[in-house]
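Colleague: Enclosed is the structure file coords_18.txt (compact mmCIF, C-alpha atoms).
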# COMPACT_ATOMS: atom_id res chain seq x y z
CA MET A 1109 -4.90 13.52 -45.64
CA ASN A 1110 -8.00 14.09 -43.53
CA LEU A 1111 -8.48 17.74 -42.46
CA PHE A 1112 -9.23 16.70 -38.86
CA ILE A 1113 -5.81 15.04 -38.55
CA VAL A 1114 -4.12 18.37 -39.38
CA LEU A 1115 -6.60 20.44 -37.38
CA ALA A 1116 -6.42 18.46 -34.10
CA PRO A 1117 -2.79 19.40 -33.17
CA VAL A 1118 -3.39 23.04 -34.17
CA ILE A 1119 -6.46 23.20 -31.92
CA SER A 1120 -4.52 21.43 -29.16
CA PHE A 1121 -1.79 24.12 -29.29
CA ILE A 1122 -4.31 27.00 -29.32
CA LEU A 1123 -6.36 25.53 -26.45
CA SER A 1124 -3.32 24.85 -24.30
CA TYR A 1125 -1.90 28.33 -24.96
CA THR A 1126 -5.20 30.09 -24.19
CA PHE A 1127 -6.39 27.90 -21.29
CA THR A 1128 -3.15 28.13 -19.27
CA PRO A 1129 -3.53 31.85 -18.29
CA LEU A 1130 -7.15 31.15 -17.29
CA VAL A 1131 -6.08 28.19 -15.14
CA MET A 1132 -3.34 30.39 -13.60
CA LYS A 1133 -5.91 33.03 -12.59
CA LEU A 1134 -8.34 30.44 -11.23
CA SER A 1135 -5.59 28.62 -9.35
CA THR A 1136 -4.33 31.85 -7.74
CA SER A 1137 -7.83 33.01 -6.77
CA LYS A 1138 -8.61 29.65 -5.12
CA GLY A 1139 -5.28 29.63 -3.24
CA PHE A 1140 -3.61 26.81 -5.19
CA VAL A 1141 -0.10 28.23 -5.17
CA GLY A 1142 3.26 26.61 -4.54
CA ILE A 1143 6.62 28.07 -3.53
CA ASP A 1144 9.41 27.90 -6.11
CA ILE A 1145 12.04 26.60 -3.69
CA HIS A 1146 14.88 26.78 -6.23
CA LYS A 1147 14.70 30.60 -6.51
CA PRO A 1148 16.51 32.86 -3.98
CA ASP A 1149 13.38 35.01 -3.36
CA LYS A 1150 11.06 31.94 -3.05
CA PRO A 1151 8.19 33.32 -5.20
CA GLU A 1152 4.64 31.95 -5.02
CA VAL A 1153 3.56 30.33 -8.30
CA PRO A 1154 0.04 29.11 -9.23
CA THR A 1155 -0.19 25.31 -9.55
CA LEU A 1156 -2.65 23.08 -11.48
CA GLY A 1157 -1.36 24.27 -14.89
CA GLY A 1158 -1.70 20.65 -16.02
CA ILE A 1159 -5.48 21.13 -16.18
CA ALA A 1160 -4.93 23.24 -19.33
CA ILE A 1161 -2.85 20.45 -20.95
CA THR A 1162 -5.49 17.83 -20.04
CA LEU A 1163 -8.33 19.94 -21.46
CA ALA A 1164 -6.38 20.70 -24.65
CA VAL A 1165 -5.52 17.03 -25.24
CA THR A 1166 -9.07 15.85 -24.44
CA LEU A 1167 -10.96 18.40 -26.56
CA SER A 1168 -8.64 18.16 -29.58
CA SER A 1169 -8.67 14.34 -29.46
CA LEU A 1170 -12.47 14.48 -29.75
CA LEU A 1171 -11.97 15.98 -33.23
CA VAL A 1172 -10.47 12.69 -34.44
CA LEU A 1173 -12.79 10.43 -32.43
CA HIS A 1174 -14.85 9.53 -35.52
CA LEU A 1175 -11.68 8.45 -37.37
CA TYR A 1176 -10.27 6.17 -34.66
CA PRO A 1177 -13.15 5.59 -32.22
CA VAL A 1178 -11.64 2.68 -30.25
CA GLN A 1179 -8.09 4.04 -30.04
CA VAL A 1180 -9.12 7.61 -29.10
CA THR A 1181 -11.69 6.43 -26.52
CA THR A 1182 -9.07 4.18 -24.93
CA PHE A 1183 -6.45 6.94 -25.00
CA LEU A 1184 -8.79 9.51 -23.45
CA SER A 1185 -10.09 7.12 -20.77
CA THR A 1186 -6.50 6.41 -19.70
CA VAL A 1187 -5.46 10.07 -19.75
CA ILE A 1188 -8.55 11.16 -17.76
CA ILE A 1189 -7.93 8.50 -15.06
CA GLY A 1190 -4.29 9.68 -14.89
CA ALA A 1191 -5.28 13.35 -14.67
CA LEU A 1192 -7.89 12.63 -11.97
CA THR A 1193 -5.26 10.72 -9.95
CA GLY A 1194 -3.00 13.77 -10.12
CA LEU A 1195 -5.84 16.14 -9.29
CA ILE A 1196 -6.84 14.10 -6.20
CA ASP A 1197 -3.17 14.13 -5.19
CA ASP A 1198 -3.05 17.92 -5.59
CA PHE A 1199 -6.08 18.31 -3.30
CA LYS A 1200 -5.61 15.46 -0.79
CA GLN A 1201 -1.87 14.57 -1.03
CA LEU A 1202 -2.04 10.80 -1.55
CA SER A 1203 0.80 8.63 -0.26
CA GLY A 1204 3.08 6.68 -2.62
CA TYR A 1205 1.47 3.23 -2.88
CA PRO A 1206 -2.21 4.32 -3.37
CA LYS A 1207 -1.03 6.60 -6.19
CA MET A 1208 0.88 3.74 -7.80
CA LEU A 1209 -2.20 1.47 -7.49
CA ILE A 1210 -4.55 4.04 -9.08
CA THR A 1211 -2.16 4.48 -12.01
CA VAL A 1212 -2.14 0.69 -12.43
CA VAL A 1213 -5.97 0.93 -12.68
CA ALA A 1214 -5.46 3.50 -15.47
CA SER A 1215 -4.24 0.65 -17.69
CA LEU A 1216 -7.69 -1.06 -17.51
CA PRO A 1217 -9.11 0.78 -20.58
CA LEU A 1218 -6.15 -0.56 -22.60
CA ILE A 1219 -6.62 -4.13 -21.37
CA VAL A 1220 -10.40 -4.06 -21.97
CA SER A 1221 -10.05 -2.48 -25.46
CA GLY A 1222 -7.28 -4.92 -26.38
CA TYR A 1223 -9.53 -7.81 -25.38
CA LEU A 1224 -12.75 -6.49 -27.02
CA PHE A 1225 -11.21 -4.94 -30.16
CA PRO A 1226 -8.06 -6.96 -31.01
CA ASN A 1227 -7.97 -5.59 -34.57
CA GLU A 1228 -7.87 -1.95 -33.46
CA ILE A 1229 -5.61 -2.33 -30.43
CA LYS A 1230 -3.03 -5.05 -30.94
CA LEU A 1231 -1.54 -6.23 -27.66
CA GLY A 1232 0.77 -9.12 -26.82
CA ARG A 1233 3.14 -9.18 -29.79
CA PRO A 1234 5.49 -6.18 -29.45
CA ILE A 1235 8.10 -5.55 -32.15
CA VAL A 1236 11.64 -4.95 -30.92
CA PRO A 1237 14.85 -3.97 -32.74
CA VAL A 1238 17.00 -6.73 -34.25
CA LEU A 1239 14.55 -9.55 -33.33
CA GLY A 1240 11.25 -8.35 -34.81
CA LYS A 1241 8.00 -9.68 -33.25
CA LEU A 1242 8.35 -11.17 -29.77
CA ARG A 1243 6.39 -14.08 -28.28
CA LEU A 1244 5.59 -12.44 -24.94
CA THR A 1245 2.27 -14.23 -24.42
CA ILE A 1246 2.38 -14.17 -20.59
CA VAL A 1247 5.00 -11.56 -19.68
CA TYR A 1248 3.35 -8.86 -21.85
CA TRP A 1249 0.10 -9.01 -19.88
CA LEU A 1250 2.00 -8.98 -16.59
CA LEU A 1251 3.93 -5.88 -17.67
CA LEU A 1252 1.01 -4.02 -19.31
CA PRO A 1253 -0.26 -2.31 -16.09
CA LEU A 1254 3.28 -0.98 -15.60
CA ALA A 1255 3.20 0.61 -19.08
CA ILE A 1256 0.92 3.30 -17.63
CA ALA A 1257 1.97 3.29 -13.97
CA VAL A 1258 5.71 3.65 -14.68
CA PRO A 1259 5.55 6.58 -17.17
CA SER A 1260 3.03 8.53 -15.08
CA ASN A 1261 4.94 8.13 -11.80
CA ALA A 1262 8.37 8.55 -13.44
CA VAL A 1263 7.33 11.81 -15.18
CA ASN A 1264 5.91 13.03 -11.85
CA MET A 1265 9.13 12.19 -10.00
CA LEU A 1266 11.39 14.10 -12.42
CA GLU A 1267 9.20 17.19 -12.49
CA VAL A 1268 11.25 19.16 -9.99
CA PHE A 1269 12.46 22.14 -12.04
CA ASN A 1270 10.84 24.83 -14.16
CA GLY A 1271 9.90 23.59 -17.61
CA ILE A 1272 11.34 20.08 -17.17
CA MET A 1273 8.02 18.28 -17.75
CA PRO A 1274 6.96 20.04 -21.01
CA MET A 1275 10.57 20.08 -22.30
CA THR A 1276 11.40 16.40 -21.68
CA CYS A 1277 7.92 15.09 -22.49
CA GLY A 1278 7.79 17.37 -25.55
CA VAL A 1279 11.04 15.81 -26.80
CA ALA A 1280 9.62 12.34 -25.99
CA SER A 1281 6.38 13.12 -27.88
CA ALA A 1282 8.32 14.45 -30.88
CA SER A 1283 10.41 11.29 -30.88
CA LEU A 1284 7.29 9.08 -30.69
CA LEU A 1285 5.79 11.15 -33.54
CA ILE A 1286 8.83 10.49 -35.77
CA SER A 1287 8.82 6.80 -34.73
CA SER A 1288 5.13 6.61 -35.74
CA ILE A 1289 6.02 8.11 -39.13
CA ILE A 1290 8.92 5.63 -39.58
CA LEU A 1291 6.70 2.68 -38.59
CA ASN A 1292 3.66 4.02 -40.49
CA SER A 1293 1.33 4.16 -37.48
CA GLU A 1294 -1.37 6.69 -38.39
CA VAL A 1295 -3.00 6.74 -34.95
CA GLY A 1296 0.44 7.18 -33.36
CA ILE A 1297 1.09 10.22 -35.57
CA VAL A 1298 -2.25 11.80 -34.60
CA LEU A 1299 -2.06 11.17 -30.84
CA SER A 1300 1.61 12.13 -30.43
CA SER A 1301 1.17 15.33 -32.48
CA ILE A 1302 -1.82 16.31 -30.29
CA LEU A 1303 0.23 15.74 -27.12
CA LEU A 1304 3.29 17.53 -28.53
CA ALA A 1305 1.18 20.55 -29.59
CA SER A 1306 -0.44 20.87 -26.16
CA LEU A 1307 2.99 20.77 -24.46
CA LEU A 1308 4.35 23.40 -26.87
CA GLY A 1309 1.37 25.65 -26.07
CA TYR A 1310 2.00 25.20 -22.34
CA LEU A 1311 5.82 25.58 -22.39
CA PRO A 1312 5.97 29.43 -22.58
CA TYR A 1313 4.23 29.64 -19.18
CA ASN A 1314 6.14 26.84 -17.44
CA LYS A 1315 9.66 27.44 -18.81
CA TYR A 1316 12.33 28.99 -16.55
CA PRO A 1317 11.40 31.21 -14.69
CA ALA A 1318 8.01 29.51 -14.36
CA LYS A 1319 4.79 31.51 -14.19
CA VAL A 1320 2.82 28.34 -13.47
CA PHE A 1321 3.49 24.84 -12.11
CA SER A 1322 1.92 21.80 -13.78
CA GLY A 1323 0.89 20.17 -10.51
CA ASN A 1324 0.50 16.42 -10.18
CA VAL A 1325 -2.48 16.68 -12.54
CA GLY A 1326 -0.13 17.75 -15.35
CA SER A 1327 2.62 15.19 -14.83
CA TYR A 1328 0.19 12.29 -14.34
CA ALA A 1329 -1.92 13.26 -17.38
CA VAL A 1330 1.13 13.62 -19.63
CA GLY A 1331 2.82 10.45 -18.29
CA THR A 1332 -0.31 8.36 -18.87
CA ALA A 1333 -0.76 9.96 -22.31
CA ILE A 1334 2.79 8.97 -23.35
CA GLY A 1335 2.26 5.42 -22.02
CA ALA A 1336 -1.17 4.99 -23.65
CA LEU A 1337 -0.24 6.35 -27.07
CA SER A 1338 2.89 4.18 -27.16
CA ILE A 1339 0.93 1.00 -26.40
CA ILE A 1340 -1.87 1.88 -28.84
CA SER A 1341 0.70 2.61 -31.60
CA GLY A 1342 2.86 -0.48 -30.94
CA LEU A 1343 5.81 1.61 -29.66
CA GLU A 1344 6.43 -0.34 -26.44
CA PHE A 1345 10.21 -0.55 -26.85
CA GLU A 1346 10.47 3.14 -27.84
CA LEU A 1347 8.43 4.06 -24.73
CA VAL A 1348 11.01 2.51 -22.39
CA VAL A 1349 13.96 4.03 -24.28
CA VAL A 1350 12.52 7.53 -24.65
CA LEU A 1351 11.73 7.73 -20.93
CA LEU A 1352 15.13 6.38 -19.79
CA PRO A 1353 16.12 9.57 -17.86
CA HIS A 1354 12.75 9.48 -16.05
CA ILE A 1355 12.95 5.74 -15.32
CA PHE A 1356 16.59 6.03 -14.18
CA ASN A 1357 15.62 8.85 -11.79
CA ALA A 1358 12.63 6.87 -10.46
CA LEU A 1359 14.77 3.75 -9.90
CA LEU A 1360 17.43 5.79 -8.06
CA VAL A 1361 14.80 7.39 -5.80
CA ILE A 1362 12.74 4.25 -5.08
CA LEU A 1363 15.73 2.02 -4.34
CA SER A 1364 17.64 4.61 -2.30
CA VAL A 1365 14.68 5.50 -0.04
CA GLY A 1366 13.61 1.85 0.23
CA GLY A 1367 10.21 1.96 -1.47
CA ILE A 1368 7.64 4.25 -3.03
CA LYS A 1369 7.46 7.26 -0.72
CA GLU A 1370 5.74 10.59 -1.18
CA ARG A 1371 8.23 13.41 -2.02
CA ARG A 1372 7.03 15.49 0.96
CA ARG A 1373 7.81 12.62 3.38
CA ILE A 1374 11.50 12.37 2.46
CA ARG A 1375 13.19 14.27 5.30
CA ILE A 1376 16.79 14.53 4.05
CA ARG A 1377 16.76 16.48 0.81
CA PRO A 1378 18.96 15.21 -2.06
CA ILE A 1379 20.03 18.73 -3.06
CA ILE A 1380 20.73 21.96 -1.18
CA VAL A 1381 19.73 25.40 -2.46
CA GLU A 1382 22.35 28.06 -1.61
CA ALA A 1383 21.31 31.62 -0.69
CA ASN A 1384 22.18 32.82 -4.23
CA GLY A 1385 20.03 30.10 -5.79
CA THR A 1386 22.92 27.79 -6.76
CA LEU A 1387 22.15 24.10 -6.34
CA ARG A 1388 24.61 21.64 -4.82
CA ALA A 1389 24.42 17.94 -3.98
CA ASN A 1390 23.74 17.00 -0.36
CA ASN A 1391 26.85 15.11 0.78
CA ASP A 1392 24.91 13.29 3.53
CA VAL A 1393 25.12 9.57 2.65
CA ARG A 1394 21.53 9.09 3.93
CA ALA A 1395 20.13 11.55 1.36
CA PRO A 1396 18.18 9.86 -1.47
CA LEU A 1397 19.87 9.41 -4.84
CA THR A 1398 18.19 11.29 -7.66
CA LEU A 1399 19.19 12.17 -11.22
CA THR A 1400 19.68 15.80 -10.16
CA ARG A 1401 21.88 14.78 -7.22
CA ALA A 1402 23.92 12.56 -9.56
CA ILE A 1403 24.36 15.52 -11.98
CA LEU A 1404 25.42 17.83 -9.13
CA VAL A 1405 27.81 15.23 -7.68
CA LEU A 1406 29.48 14.78 -11.07
CA ALA A 1407 29.43 18.40 -12.25
CA GLY A 1408 29.66 20.36 -9.00
CA PRO A 1409 27.31 23.22 -8.00
CA LEU A 1410 25.09 24.47 -10.84
CA THR A 1411 22.29 26.95 -11.38
CA GLU A 1412 18.75 25.66 -11.91
CA LEU A 1413 18.95 26.60 -15.60
CA GLU A 1414 22.17 24.61 -16.08
CA VAL A 1415 20.57 21.51 -14.50
CA ILE A 1416 17.53 21.96 -16.77
CA LYS A 1417 19.84 22.10 -19.82
CA ILE A 1418 21.70 18.91 -18.82
CA ILE A 1419 18.46 16.97 -18.22
CA THR A 1420 17.11 18.20 -21.57
CA VAL A 1421 20.28 17.06 -23.40
CA LEU A 1422 19.91 13.63 -21.71
CA GLU A 1423 16.30 13.47 -22.90
CA ILE A 1424 17.35 14.40 -26.46
CA TRP A 1425 19.92 11.60 -26.35
CA SER A 1426 17.27 9.10 -25.21
CA ALA A 1427 14.98 10.33 -27.99
CA MET A 1428 17.73 9.62 -30.53
CA LEU A 1429 18.28 6.14 -29.11
CA SER A 1430 14.52 5.60 -29.39
CA LEU A 1431 14.58 6.70 -33.05
CA LEU A 1432 17.53 4.40 -33.72
CA SER A 1433 15.42 1.59 -32.18
CA SER A 1434 12.59 2.37 -34.63
CA LEU A 1435 15.00 2.27 -37.57
CA LEU A 1436 16.38 -1.08 -36.35
CA LYS A 1437 12.78 -2.32 -36.09
CA VAL A 1438 12.18 -1.47 -39.76
CA ILE A 1439 15.30 -3.42 -40.73
CA SER A 1440 14.36 -6.43 -38.58
CA VAL A 1441 10.69 -6.74 -39.68
CA MET B 490 26.68 6.66 -32.97
CA VAL B 491 29.04 9.14 -34.65
CA SER B 492 26.12 11.45 -35.50
CA TYR B 493 25.00 11.29 -31.84
CA ALA B 494 28.43 12.33 -30.67
CA VAL B 495 28.44 15.23 -33.16
CA VAL B 496 25.02 16.46 -31.98
CA THR B 497 26.14 16.34 -28.34
CA LEU B 498 29.37 18.19 -29.10
CA ILE B 499 27.39 20.90 -30.95
CA ALA B 500 25.03 21.20 -27.97
CA LEU B 501 27.98 21.57 -25.61
CA LYS B 502 29.89 24.00 -27.81
CA GLY B 503 26.85 26.30 -27.87
CA ASP B 504 27.17 26.84 -24.12
CA LYS B 505 30.58 28.47 -23.63
CA ARG B 506 30.20 28.44 -19.85
CA MET B 507 30.05 24.67 -19.83
CA LYS B 508 33.03 23.67 -17.72
CA ARG B 509 34.98 20.44 -18.04
CA SER B 510 33.21 18.88 -15.02
CA ARG B 511 29.83 19.56 -16.62
CA VAL B 512 30.93 18.01 -19.89
CA TYR B 513 32.23 15.01 -17.90
CA SER B 514 28.90 14.64 -16.06
CA LEU B 515 26.99 14.81 -19.33
CA ILE B 516 29.23 12.25 -21.03
CA PHE B 517 28.98 9.95 -17.99
CA LEU B 518 25.16 10.11 -17.93
CA ILE B 519 24.89 9.72 -21.71
CA ALA B 520 27.06 6.60 -21.35
CA VAL B 521 24.70 5.34 -18.59
CA LEU B 522 21.67 5.74 -20.88
CA THR B 523 23.41 4.12 -23.86
CA TYR B 524 24.58 1.28 -21.59
CA ALA B 525 20.92 0.73 -20.54
CA TRP B 526 19.81 0.65 -24.18
CA VAL B 527 22.51 -1.86 -25.14
CA MET B 528 21.66 -4.03 -22.09
CA MET B 529 17.96 -3.99 -23.06
CA ILE B 530 18.67 -5.22 -26.58
CA PHE B 531 21.23 -7.76 -25.37
CA SER B 532 18.84 -9.22 -22.76
CA LEU B 533 16.07 -9.51 -25.38
CA ILE B 534 18.44 -11.30 -27.78
CA LEU B 535 19.54 -13.66 -25.00
CA VAL B 536 15.94 -14.52 -24.03
CA GLU B 537 14.72 -14.94 -27.63
CA THR B 538 17.66 -16.87 -29.06
CA VAL B 539 18.53 -19.07 -26.08
CA ILE B 540 15.62 -19.43 -23.63
CA MET B 541 12.71 -19.29 -26.09
CA LYS B 542 14.49 -21.60 -28.54
CA TRP B 543 15.88 -24.27 -26.25
CA ILE B 544 13.39 -24.55 -23.37
CA GLY B 545 10.12 -26.27 -24.18
CA ASN B 546 8.09 -25.73 -21.00
CA SER B 547 6.20 -22.42 -21.18
CA THR B 548 6.19 -21.76 -17.41
CA ILE B 549 9.93 -22.35 -17.06
CA ARG B 550 10.52 -20.15 -20.13
CA THR B 551 8.51 -17.33 -18.54
CA ILE B 552 10.29 -17.60 -15.18
CA LEU B 553 13.74 -17.76 -16.79
CA GLY B 554 12.87 -14.91 -19.19
CA ILE B 555 11.74 -12.63 -16.36
CA GLY B 556 14.84 -13.71 -14.40
CA VAL B 557 17.13 -12.63 -17.26
CA TYR B 558 15.40 -9.23 -17.60
CA VAL B 559 15.56 -8.60 -13.83
CA THR B 560 19.22 -9.70 -13.69
CA PHE B 561 20.19 -7.35 -16.53
CA LEU B 562 18.27 -4.48 -14.91
CA ALA B 563 20.00 -5.17 -11.58
CA ILE B 564 23.47 -5.35 -13.19
CA TRP B 565 22.87 -2.02 -14.96
CA TYR B 566 21.36 -0.27 -11.96
CA PHE B 567 23.85 -1.40 -9.31
CA SER B 568 26.93 -0.79 -11.49
CA VAL B 569 25.73 2.78 -12.16
CA LYS B 570 24.70 3.36 -8.54
CA ARG B 571 28.11 2.16 -7.34
CA SER B 572 29.92 4.61 -9.63
CA ILE B 573 27.77 7.52 -8.40
CA GLU B 574 28.18 6.54 -4.73
CA ARG B 575 31.96 6.27 -5.18
CA LYS B 576 31.94 9.82 -6.52
CA ILE B 577 29.82 11.02 -3.57
CA ARG B 578 32.32 9.51 -1.13
CA GLN B 579 35.18 11.26 -2.96
CA VAL B 580 33.33 14.61 -2.59
Taking this structure as input, can you express it in the form of structure tokens?
Modeller:
Amino acid sequence: MNLFIVLAPVISFILSYTFTPLVMKLSTSKGFVGIDIHKPDKPEVPTLGGIAITLAVTLSSLLVLHLYPVQVTTFLSTVIIGALTGLIDDFKQLSGYPKMLITVVASLPLIVSGYLFPNEIKLGRPIVPVLGKLRLTIVYWLLLPLAIAVPSNAVNMLEVFNGIMPMTCGVASASLLISSIILNSEVGIVLSSILLASLLGYLPYNKYPAKVFSGNVGSYAVGTAIGALSIISGLEFELVVVLLPHIFNALLVILSVGGIKERRRIRIRPIIVEANGTLRANNDVRAPLTLTRAILVLAGPLTELEVIKIITVLEIWSAMLSLLSSLLKVISV
Amino acid sequence: MVSYAVVTLIALKGDKRMKRSRVYSLIFLIAVLTYAWVMMIFSLILVETVIMKWIGNSTIRTILGIGVYVTFLAIWYFSVKRSIERKIRQV
């Protein structure tokens, strides 16, 4: 095995772990802080932690650029567009539809690379469980822009509690890594291990109680990274399955508020934070439906940590369904 | 599926404070995710074995295929949403 393939995830972990405290200091000094609304004392927490993840993924991916030039260039172009979208949103607070449109643009590197280098990036014939290769000659190209826009926005929409993004996306990356091993996709193994390592390096700072928030830059970068690496590695079906909790949450929110609306513009909150920090579902029928509200409706009032645990178990379940899909693919091919 | 159930039970057993309502919520949401996965595979099988095999015109195949996927998504989403909303009304 090439040394760079082993070295890239290690470097990704080290960079993410060392860059995050620096980003925290910089973010605090420049006034980029957010209030942790789910804590009784409402502490101020530095945002923009996602910059450390983006830098770690970008710099460590450059180590394997000479091995997979087309795939890594495409992956990085997509991730950088995603991260920039998030960063602009952190500074300017974009509304829902422009953000969705920019993330659709983030799929352009994939479309261009798929057209120019069909041997390196194979698009249009996804493999699915039971059936094998599909003949999605038209539908695939219609859905391809959504393969980046949906993961990036869905990851952003579920990132409402401490550590949720690195935990759930870490589980998703680990699942995609194992799927890549099962399906023998070398580039999938490399890219998913780089992403997983960067999330593991970041998790100690973002886990409950968070010392840093990822910001939109973090959730958009990681969402686009998961989408891009899945498409590049031929894991389209696994992508949808592994992000089921995120997609379910996004569908609930979008359909209950009647469109893509910015979180800050939703007046009636889906959950209520009690004085002691306990979370309970808002019983107002006009409040938007979210995965967290559904959990609190079904389970009753919970602490933030208990909600985090339930969402993580749901993500682990989706990861196992995704792995089962990969095994069924092997049988059907 | 048995191994999945075992893993979930181990995860739940580790947290002794997990009350019955929390276990119920987890089982309900796990069922929702599994239901989505089954619906995805079933809709793909339906499109590939019926529509792609028996309809010759490519445009009609595409429209019908997308129609099947959207219908399955709508059935899944609205059945789940209805169950959650029923629970909200009970609360």
Colleague: Give me, as a ChimeraX atom specification, all polymer residues having an atom no more than 9 Å from stretch 1307-1321 of chain A, counting only C-alpha atoms and skipping those fewer than 5 positions away in the same chain.
Modeller: /A:1120-1129,1132,1141-1142,1144,1147,1153-1158,1160-1161,1269-1275,1277-1278,1302,1326,1330,1412-1413,1416
Colleague: Can you find the residues with an atom no farther than 12 Å from (19.3, -9.6, -15.9), counting all atoms listed in the file, and report them as a PyMOL selection string?
Modeller: chain B and resi 525+528-533+535-536+553-567
Colleague: Could you please tell me, as a PyMOL selection string, which residues of chain B have an atom within 6 Å of chain A when using only C-alpha atoms?
Modeller: chain B and resi 510-511+514
Colleague: Considering only C-alpha atoms, return as a PDB file with C-alpha atoms, keeping the file's coordinate frame whatever protein or nucleic-acid residues lie within 8 Å of stretch 1213-1219 of chain A, sequence-local ones (same chain, fewer than 3 positions apart) excluded.
Modeller:
ATOM      1  CA  THR A1182      -9.070   4.180 -24.930  1.00  0.00           C
ATOM      2  CA  PHE A1183      -6.450   6.940 -25.000  1.00  0.00           C
ATOM      3  CA  SER A1185     -10.090   7.120 -20.770  1.00  0.00           C
ATOM      4  CA  THR A1186      -6.500   6.410 -19.700  1.00  0.00           C
ATOM      5  CA  VAL A1187      -5.460  10.070 -19.750  1.00  0.00           C
ATOM      6  CA  ILE A1189      -7.930   8.500 -15.060  1.00  0.00           C
ATOM      7  CA  GLY A1190      -4.290   9.680 -14.890  1.00  0.00           C
ATOM      8  CA  LEU A1209      -2.200   1.470  -7.490  1.00  0.00           C
ATOM      9  CA  ILE A1210      -4.550   4.040  -9.080  1.00  0.00           C
ATOM     10  CA  GLY A1222      -7.280  -4.920 -26.380  1.00  0.00           C
ATOM     11  CA  TYR A1223      -9.530  -7.810 -25.380  1.00  0.00           C
ATOM     12  CA  LEU A1252       1.010  -4.020 -19.310  1.00  0.00           C
ATOM     13  CA  PRO A1253      -0.260  -2.310 -16.090  1.00  0.00           C
ATOM     14  CA  LEU A1254       3.280  -0.980 -15.600  1.00  0.00           C
ATOM     15  CA  ALA A1255       3.200   0.610 -19.080  1.00  0.00           C
ATOM     16  CA  ILE A1256       0.920   3.300 -17.630  1.00  0.00           C
ATOM     17  CA  ALA A1257       1.970   3.290 -13.970  1.00  0.00           C
ATOM     18  CA  THR A1332      -0.310   8.360 -18.870  1.00  0.00           C
ATOM     19  CA  ALA A1336      -1.170   4.990 -23.650  1.00  0.00           C
ATOM     20  CA  ILE A1340      -1.870   1.880 -28.840  1.00  0.00           C
TER      21      ILE A1340
END
Colleague: List as a list in words the residues having at least one atom at most 9 Å from position (-9.3, 16.8, -18.1) as given in the file, counting all atoms listed in the file.
Modeller: Gly1158, Ile1159, Ala1160, Ile1161, Thr1162, Leu1163, Ala1164, Val1165, Thr1166, Leu1167, Val1187, Ile1188, Ile1189, Ala1191, Leu1192, Val1325 and Ala1329 of chain A
Colleague: Can I get the selection written as an mmCIF file, in the frame of the given file, with C-alpha atoms?
Modeller:
data_model
loop_
_atom_site.group_PDB
_atom_site.id
_atom_site.type_symbol
_atom_site.label_atom_id
_atom_site.label_comp_id
_atom_site.auth_asym_id
_atom_site.auth_seq_id
_atom_site.Cartn_x
_atom_site.Cartn_y
_atom_site.Cartn_z
ATOM 1 C CA GLY A 1158 -1.700 20.650 -16.020
ATOM 2 C CA ILE A 1159 -5.480 21.130 -16.180
ATOM 3 C CA ALA A 1160 -4.930 23.240 -19.330
ATOM 4 C CA ILE A 1161 -2.850 20.450 -20.950
ATOM 5 C CA THR A 1162 -5.490 17.830 -20.040
ATOM 6 C CA LEU A 1163 -8.330 19.940 -21.460
ATOM 7 C CA ALA A 1164 -6.380 20.700 -24.650
ATOM 8 C CA VAL A 1165 -5.520 17.030 -25.240
ATOM 9 C CA THR A 1166 -9.070 15.850 -24.440
ATOM 10 C CA LEU A 1167 -10.960 18.400 -26.560
ATOM 11 C CA VAL A 1187 -5.460 10.070 -19.750
ATOM 12 C CA ILE A 1188 -8.550 11.160 -17.760
ATOM 13 C CA ILE A 1189 -7.930 8.500 -15.060
ATOM 14 C CA ALA A 1191 -5.280 13.350 -14.670
ATOM 15 C CA LEU A 1192 -7.890 12.630 -11.970
ATOM 16 C CA VAL A 1325 -2.480 16.680 -12.540
ATOM 17 C CA ALA A 1329 -1.920 13.260 -17.380
#
Colleague: From the set A:Arg1394, A:Leu1231, A:Leu1170, A:Asn1357, which residue has the shortest atom-to-atom contact distance to B:Arg578, counting only C-alpha atoms?
Modeller: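 Among the listed residues, the smallest separation from B:Arg578 belongs to A:Arg1394.
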Colleague: What lies within 8 Å of A:Glu1344 using only C-alpha atoms, ignoring chain neighbours under 3 positions off, as an mmCIF file with C-alpha atoms, in the frame of the given file?
Modeller:
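part_21.cif written:
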data_model
loop_
_atom_site.group_PDB
_atom_site.id
_atom_site.type_symbol
_atom_site.label_atom_id
_atom_site.label_comp_id
_atom_site.auth_asym_id
_atom_site.auth_seq_id
_atom_site.Cartn_x
_atom_site.Cartn_y
_atom_site.Cartn_z
ATOM 1 C CA PRO A 1234 5.490 -6.180 -29.450
ATOM 2 C CA ILE A 1235 8.100 -5.550 -32.150
ATOM 3 C CA SER A 1338 2.890 4.180 -27.160
ATOM 4 C CA ILE A 1339 0.930 1.000 -26.400
ATOM 5 C CA LEU A 1347 8.430 4.060 -24.730
ATOM 6 C CA VAL A 1348 11.010 2.510 -22.390
#
Colleague: Point out the residue among A:Ser1283, A:Thr1181, A:Asn1227, A:Ser1434 with the least atom-to-atom distance to A:Leu1351, counting all atoms listed in the file.
Modeller: A:Ser1283
Colleague: What is the atom CA of A:Val1295-atom CA of A:Ser1341 distance in Å, reported with one decimal?
Modeller: 6.5 Å
Colleague: Counting all atoms listed in the file, which of B:Thr548, B:Ile577, B:Trp543, B:Ile519 gets nearest to A:Arg1388?
Modeller: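 So, comparing all the options, the nearest one is B:Ile577.
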Colleague: How far is it from atom CA of A:Ser1300 to atom CA of A:Pro1259, in Å with one decimal?
Modeller: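 Computing the Euclidean distance for atom CA of A:Ser1300 and atom CA of A:Pro1259 yields 14.9 Å.
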